[in-house]
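Have a look at the structure below before the remarks.
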Amino acid sequence: MMGCIAGELFRIFQGIIKNNFWMVRMRPFYPILILCVWSSARAGVLSSDTSTTSVSVRSILGASRIPLNRTVDFTVRVSWEGRIESVEIGDVENPVFSNLDAVASESTNRVSGTSSGQTSVKEIVYSLRPKTLGMAYVEPVALSYVDKATGLKHFLRTRRMAVEILPPVSERTGVGKSGLLILSAAAFLSGIAAGVFLFLRRRRIRLQAPAPSVQPILEEAFLEQLKQSVDCRRPDRKESFAALSRLFRRYLIEKHQLAASGATTEELLRNLKERNADEGLFRKSEMLFTRADVINFSGTEATPAELDDAYTVVETVLEAGLAAERARLTGLEREAANKKVKKWAWRHSGQKK
């Protein structure tokens with residue numbers, strides 16, 4: 001651009017020099033002519049070096065109406081295009097939710113090349129769970145960035161978004177009406193057959209000794225305590241996490257006959273390992289108690305996702321133990337019943353002889 005302008009200027013002056021008359025007549029306009037040529041050259045240089053970078057922030061709410069027992073995704077998308085190295089993007093502020101809990105989040109970042117430069121996109125997706133019926137809100141998300149060329153700081157802000165919380169919907173089981181009728185009839189007939197079988201067996205086998213008192217299963221008692229003492233919806237998640245940890249500690253001590261409840265986490269895990277506990281149970285216990293100690297001593301608050309995961313771990317361990325214990329007791333009862341039947345058959349065979 002500068003070479004073209006300089007050449008054109010040289011040709012103009014060359015013509016003026018060849019014609020003295022025009023040189024004299026144009027002399028008053030020399031400064032104006034030089035200033036115009038310099039401005040054109042300057043403008044040409046600036047336009048060749050100028051590049052634009054566009055920055056935008058956008059918030060997306062997955063739905064405007066959701067049931068109380070469902071979740072909705074909220075996405076914050078930051079994109080900038082052009083010379084991305086010419087701007088410095090600040091951190092995206094954590095959004096503020098009203099009547100909503102963030103149960104999970106994930107972020108992605110991708111960069112791609114275009115004809116005008118590069119495009120960089122960062123997305124943060126929050127999974128939101130409603131608290132109560134009514135209206136819920138997502139407050140505006142703010143973003144700042146600095147133009148490195150000018151040093152100016154710019155601010156962007158999304159709008160406030162609302163979602164209506166509807167009554168919970170029924171959970172679908174995937175069974176149609178005909179399938180439900182068949183299952184109900186099968187369950188009814190199975191119940192009748194089981195009742196007749198138990199009646200005939202009890203009539204045929206006379207128990208001489210009084211039935212022993214039925215002791216409640218350990219896992220059954222702790223499952224009941226878990227439902228009563230730990231509420232994941234309480235605002236004080238730190239206390240809920242501590243109560244969950246104490247309950248699980250007492251269960252392991254009683255189940256595996258470990259040391260006293262005052263033992264430290266390291267001692268408890270060491271005793272559990274010495275009892276040849278299942279590897280999966282050991283890993284789950286180590287993860288839960290370690291996180292409980294961090295929350296307790298650091299003073300940090302447990303996230304809703306951490307509390308839900310810990311509750312699920314304890315509930316799963318207790319339900320698995322309950323199923324195993326019931327299977328063991330059923331096997332013992334079946335073995336005792338077989339012995340009684342054999343004894344009854346032996347007695348009657350001796351009487352016939």
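So you can find residues: chains in the structure tokens are A, B, ... in the order shown, residues in each start at 1, and ligands are numbered from 1 in order.
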
TODO: May I have the residues within 6 Å of range 124-136 of chain A as a ChimeraX atom specification, using only C-alpha atoms and disregarding those fewer than 4 positions away in the same chain?
DONE: /A:68,71-76,98-107,162-165

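Considering the residues A:Phe188, A:Asn276, A:Ala305, A:Trp80 and counting only C-alpha atoms, Arg237 in chain A has its shortest atom-to-atom contact with A:Ala305.
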
Open item on the list: Just to confirm, what's the straight-line distance from CA of Val317 in chain A to CA of Ser245 in chain A in Å (one decimal)?
Closed with: 13.2 Å

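Here the question is which of A:Gly195, A:Pro216, A:Gly321, A:Pro304 gets nearest to His256 in chain A using only C-alpha atoms, and that residue is A:Gly321.
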
As a short mmCIF file (atom, residue, chain, number, x, y, z; two decimals) with N, CA and C atoms, in the first residue's frame, please: every residue in range 40-235 of chain A that a backbone DSSP assignment puts in strand (DSSP E or B).
```cif
data_model
loop_
_atom_site.label_atom_id
_atom_site.label_comp_id
_atom_site.auth_asym_id
_atom_site.auth_seq_id
_atom_site.Cartn_x
_atom_site.Cartn_y
_atom_site.Cartn_z
N SER A 54 -14.28 -10.52 18.54
CA SER A 54 -15.60 -10.43 19.15
C SER A 54 -15.70 -11.42 20.30
N VAL A 55 -16.22 -10.94 21.43
CA VAL A 55 -16.39 -11.75 22.63
C VAL A 55 -17.87 -11.74 23.00
N SER A 56 -18.41 -12.89 23.35
CA SER A 56 -19.82 -12.97 23.73
C SER A 56 -20.00 -14.01 24.83
N VAL A 57 -21.02 -13.81 25.65
CA VAL A 57 -21.39 -14.76 26.69
C VAL A 57 -22.90 -14.99 26.57
N ARG A 58 -23.29 -16.24 26.66
CA ARG A 58 -24.69 -16.60 26.47
C ARG A 58 -25.09 -17.64 27.51
N SER A 59 -26.29 -17.50 28.07
CA SER A 59 -26.83 -18.46 29.02
C SER A 59 -28.05 -19.14 28.41
N ILE A 60 -28.12 -20.47 28.59
CA ILE A 60 -29.19 -21.27 27.98
C ILE A 60 -29.81 -22.14 29.07
N LEU A 61 -31.11 -22.04 29.24
CA LEU A 61 -31.86 -22.87 30.18
C LEU A 61 -32.62 -23.93 29.40
N ARG A 65 -40.35 -24.95 32.10
CA ARG A 65 -41.24 -25.60 33.07
C ARG A 65 -40.76 -27.03 33.26
N ILE A 66 -40.54 -27.43 34.53
CA ILE A 66 -40.08 -28.80 34.82
C ILE A 66 -40.81 -29.31 36.06
N PRO A 67 -41.05 -30.64 36.14
CA PRO A 67 -41.64 -31.22 37.36
C PRO A 67 -40.65 -31.17 38.52
N VAL A 72 -33.04 -29.99 35.24
CA VAL A 72 -32.92 -29.18 34.03
C VAL A 72 -31.47 -28.72 33.89
N ASP A 73 -30.99 -28.63 32.64
CA ASP A 73 -29.62 -28.20 32.37
C ASP A 73 -29.57 -26.70 32.14
N PHE A 74 -28.57 -26.06 32.75
CA PHE A 74 -28.31 -24.64 32.53
C PHE A 74 -26.89 -24.51 31.99
N THR A 75 -26.74 -23.87 30.81
CA THR A 75 -25.46 -23.79 30.12
C THR A 75 -25.00 -22.34 30.03
N VAL A 76 -23.73 -22.11 30.38
CA VAL A 76 -23.07 -20.81 30.18
C VAL A 76 -22.03 -21.01 29.08
N ARG A 77 -22.18 -20.27 27.97
CA ARG A 77 -21.29 -20.43 26.82
C ARG A 77 -20.56 -19.11 26.55
N VAL A 78 -19.23 -19.15 26.64
CA VAL A 78 -18.37 -17.99 26.36
C VAL A 78 -17.62 -18.28 25.07
N SER A 79 -17.68 -17.35 24.10
CA SER A 79 -17.00 -17.54 22.82
C SER A 79 -16.31 -16.25 22.42
N TRP A 80 -15.14 -16.37 21.84
CA TRP A 80 -14.44 -15.24 21.27
C TRP A 80 -13.77 -15.67 19.97
N GLU A 81 -13.84 -14.74 18.95
CA GLU A 81 -13.43 -15.07 17.60
C GLU A 81 -12.53 -13.97 17.07
N GLY A 82 -11.53 -14.35 16.30
CA GLY A 82 -10.57 -13.41 15.73
C GLY A 82 -9.18 -13.71 16.23
N VAL A 87 -6.99 -10.61 23.47
CA VAL A 87 -7.86 -10.33 24.62
C VAL A 87 -7.53 -11.30 25.73
N GLU A 88 -7.78 -10.85 26.94
CA GLU A 88 -7.60 -11.69 28.14
C GLU A 88 -8.96 -11.88 28.80
N ILE A 89 -9.46 -13.11 28.73
CA ILE A 89 -10.80 -13.43 29.25
C ILE A 89 -10.71 -13.70 30.75
N PHE A 97 -28.42 -19.42 42.06
CA PHE A 97 -29.70 -20.07 41.78
C PHE A 97 -30.66 -19.84 42.94
N SER A 98 -31.91 -19.58 42.61
CA SER A 98 -32.97 -19.43 43.61
C SER A 98 -33.96 -20.58 43.44
N LEU A 100 -33.28 -23.64 43.44
CA LEU A 100 -32.65 -24.68 42.64
C LEU A 100 -31.34 -25.09 43.30
N ASP A 101 -31.00 -26.37 43.19
CA ASP A 101 -29.72 -26.89 43.67
C ASP A 101 -28.93 -27.43 42.49
N ALA A 102 -27.65 -27.07 42.41
CA ALA A 102 -26.77 -27.61 41.38
C ALA A 102 -26.24 -28.97 41.85
N VAL A 103 -26.72 -30.04 41.23
CA VAL A 103 -26.33 -31.39 41.65
C VAL A 103 -25.14 -31.92 40.86
N ALA A 104 -24.82 -31.30 39.72
CA ALA A 104 -23.67 -31.74 38.92
C ALA A 104 -23.29 -30.62 37.96
N SER A 105 -22.02 -30.63 37.52
CA SER A 105 -21.56 -29.64 36.56
C SER A 105 -20.40 -30.21 35.77
N GLU A 106 -20.23 -29.70 34.56
CA GLU A 106 -19.11 -30.08 33.72
C GLU A 106 -18.76 -28.91 32.80
N SER A 107 -17.48 -28.86 32.37
CA SER A 107 -17.04 -27.77 31.51
C SER A 107 -16.23 -28.33 30.36
N THR A 108 -16.34 -27.67 29.19
CA THR A 108 -15.59 -28.05 27.99
C THR A 108 -15.00 -26.80 27.37
N ASN A 109 -13.91 -26.97 26.63
CA ASN A 109 -13.25 -25.87 25.95
C ASN A 109 -12.73 -26.37 24.62
N ARG A 110 -13.03 -25.67 23.54
CA ARG A 110 -12.56 -26.08 22.22
C ARG A 110 -12.12 -24.86 21.42
N VAL A 111 -11.09 -25.05 20.59
CA VAL A 111 -10.53 -23.99 19.76
C VAL A 111 -10.49 -24.50 18.33
N SER A 112 -10.95 -23.67 17.37
CA SER A 112 -10.96 -24.05 15.97
C SER A 112 -10.51 -22.87 15.13
N GLY A 113 -9.93 -23.16 13.95
CA GLY A 113 -9.46 -22.11 13.07
C GLY A 113 -10.51 -21.72 12.05
N THR A 114 -10.59 -20.41 11.74
CA THR A 114 -11.51 -19.88 10.73
C THR A 114 -10.73 -18.98 9.78
N GLY A 117 -9.41 -15.91 11.63
CA GLY A 117 -8.55 -16.12 12.80
C GLY A 117 -8.89 -17.43 13.48
N GLN A 118 -9.11 -17.36 14.78
CA GLN A 118 -9.45 -18.54 15.58
C GLN A 118 -10.73 -18.28 16.35
N THR A 119 -11.42 -19.37 16.65
CA THR A 119 -12.63 -19.31 17.47
C THR A 119 -12.45 -20.22 18.68
N SER A 120 -12.63 -19.65 19.86
CA SER A 120 -12.52 -20.42 21.10
C SER A 120 -13.86 -20.37 21.82
N VAL A 121 -14.33 -21.53 22.25
CA VAL A 121 -15.63 -21.64 22.92
C VAL A 121 -15.45 -22.41 24.22
N LYS A 122 -15.94 -21.85 25.30
CA LYS A 122 -15.93 -22.51 26.61
C LYS A 122 -17.36 -22.65 27.10
N GLU A 123 -17.73 -23.88 27.50
CA GLU A 123 -19.09 -24.14 27.98
C GLU A 123 -19.04 -24.75 29.37
N ILE A 124 -19.91 -24.27 30.23
CA ILE A 124 -20.09 -24.83 31.58
C ILE A 124 -21.56 -25.22 31.70
N VAL A 125 -21.81 -26.51 31.98
CA VAL A 125 -23.17 -27.03 32.06
C VAL A 125 -23.46 -27.43 33.50
N TYR A 126 -24.54 -26.90 34.08
CA TYR A 126 -24.98 -27.22 35.43
C TYR A 126 -26.27 -28.04 35.34
N SER A 127 -26.35 -29.10 36.13
CA SER A 127 -27.58 -29.87 36.25
C SER A 127 -28.30 -29.41 37.52
N LEU A 128 -29.49 -28.85 37.36
CA LEU A 128 -30.22 -28.21 38.45
C LEU A 128 -31.42 -29.05 38.86
N ARG A 129 -31.60 -29.16 40.19
CA ARG A 129 -32.73 -29.90 40.74
C ARG A 129 -33.61 -28.94 41.54
N PRO A 130 -34.94 -28.89 41.29
CA PRO A 130 -35.81 -27.97 42.02
C PRO A 130 -35.91 -28.34 43.50
N GLY A 134 -43.37 -23.80 42.62
CA GLY A 134 -43.41 -22.35 42.43
C GLY A 134 -42.47 -21.93 41.32
N MET A 135 -41.88 -20.76 41.49
CA MET A 135 -40.94 -20.22 40.51
C MET A 135 -39.51 -20.37 41.00
N ALA A 136 -38.61 -20.60 40.08
CA ALA A 136 -37.18 -20.66 40.36
C ALA A 136 -36.46 -19.74 39.38
N TYR A 137 -35.31 -19.22 39.82
CA TYR A 137 -34.62 -18.23 39.00
C TYR A 137 -33.13 -18.52 38.93
N VAL A 138 -32.56 -18.15 37.78
CA VAL A 138 -31.11 -18.17 37.59
C VAL A 138 -30.68 -16.73 37.39
N ALA A 142 -22.06 -12.75 34.94
CA ALA A 142 -21.20 -11.65 34.49
C ALA A 142 -19.85 -12.19 34.02
N LEU A 143 -19.29 -11.50 33.01
CA LEU A 143 -17.98 -11.87 32.46
C LEU A 143 -17.24 -10.59 32.12
N SER A 144 -15.94 -10.56 32.42
CA SER A 144 -15.09 -9.42 32.08
C SER A 144 -13.93 -9.89 31.21
N TYR A 145 -13.48 -8.99 30.32
CA TYR A 145 -12.30 -9.29 29.52
C TYR A 145 -11.55 -7.98 29.25
N VAL A 146 -10.25 -8.10 28.98
CA VAL A 146 -9.37 -6.94 28.79
C VAL A 146 -8.84 -6.97 27.37
N ASP A 147 -8.96 -5.85 26.68
CA ASP A 147 -8.36 -5.68 25.36
C ASP A 147 -6.89 -5.33 25.56
N LYS A 153 -10.94 -2.51 29.96
CA LYS A 153 -11.65 -3.66 30.52
C LYS A 153 -13.12 -3.56 30.17
N HIS A 154 -13.67 -4.61 29.61
CA HIS A 154 -15.07 -4.63 29.18
C HIS A 154 -15.85 -5.64 30.03
N PHE A 155 -17.14 -5.40 30.16
CA PHE A 155 -17.99 -6.27 30.97
C PHE A 155 -19.18 -6.73 30.13
N LEU A 156 -19.51 -8.01 30.26
CA LEU A 156 -20.68 -8.59 29.61
C LEU A 156 -21.57 -9.22 30.68
N ARG A 157 -22.86 -9.26 30.42
CA ARG A 157 -23.80 -9.75 31.44
C ARG A 157 -25.00 -10.38 30.73
N MET A 161 -33.03 -15.50 34.20
CA MET A 161 -33.88 -16.52 33.59
C MET A 161 -34.76 -17.16 34.68
N ALA A 162 -35.96 -17.56 34.27
CA ALA A 162 -36.94 -18.12 35.20
C ALA A 162 -37.43 -19.47 34.70
N VAL A 163 -37.79 -20.33 35.65
CA VAL A 163 -38.35 -21.64 35.32
C VAL A 163 -39.46 -21.94 36.33
N GLU A 164 -40.56 -22.47 35.85
CA GLU A 164 -41.70 -22.80 36.70
C GLU A 164 -41.59 -24.26 37.15
N ILE A 165 -41.72 -24.47 38.47
CA ILE A 165 -41.62 -25.82 39.04
C ILE A 165 -43.03 -26.39 39.18
N LEU A 166 -43.29 -27.49 38.49
CA LEU A 166 -44.60 -28.12 38.47
C LEU A 166 -44.65 -29.28 39.47
#
```

Task: CA of Glu286 in chain A to CA of Arg326 in chain A, distance in Å rounded to a single decimal - done: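 Spanning CA of Glu286 in chain A to CA of Arg326 in chain A is a straight-line distance of 26.6 Å.
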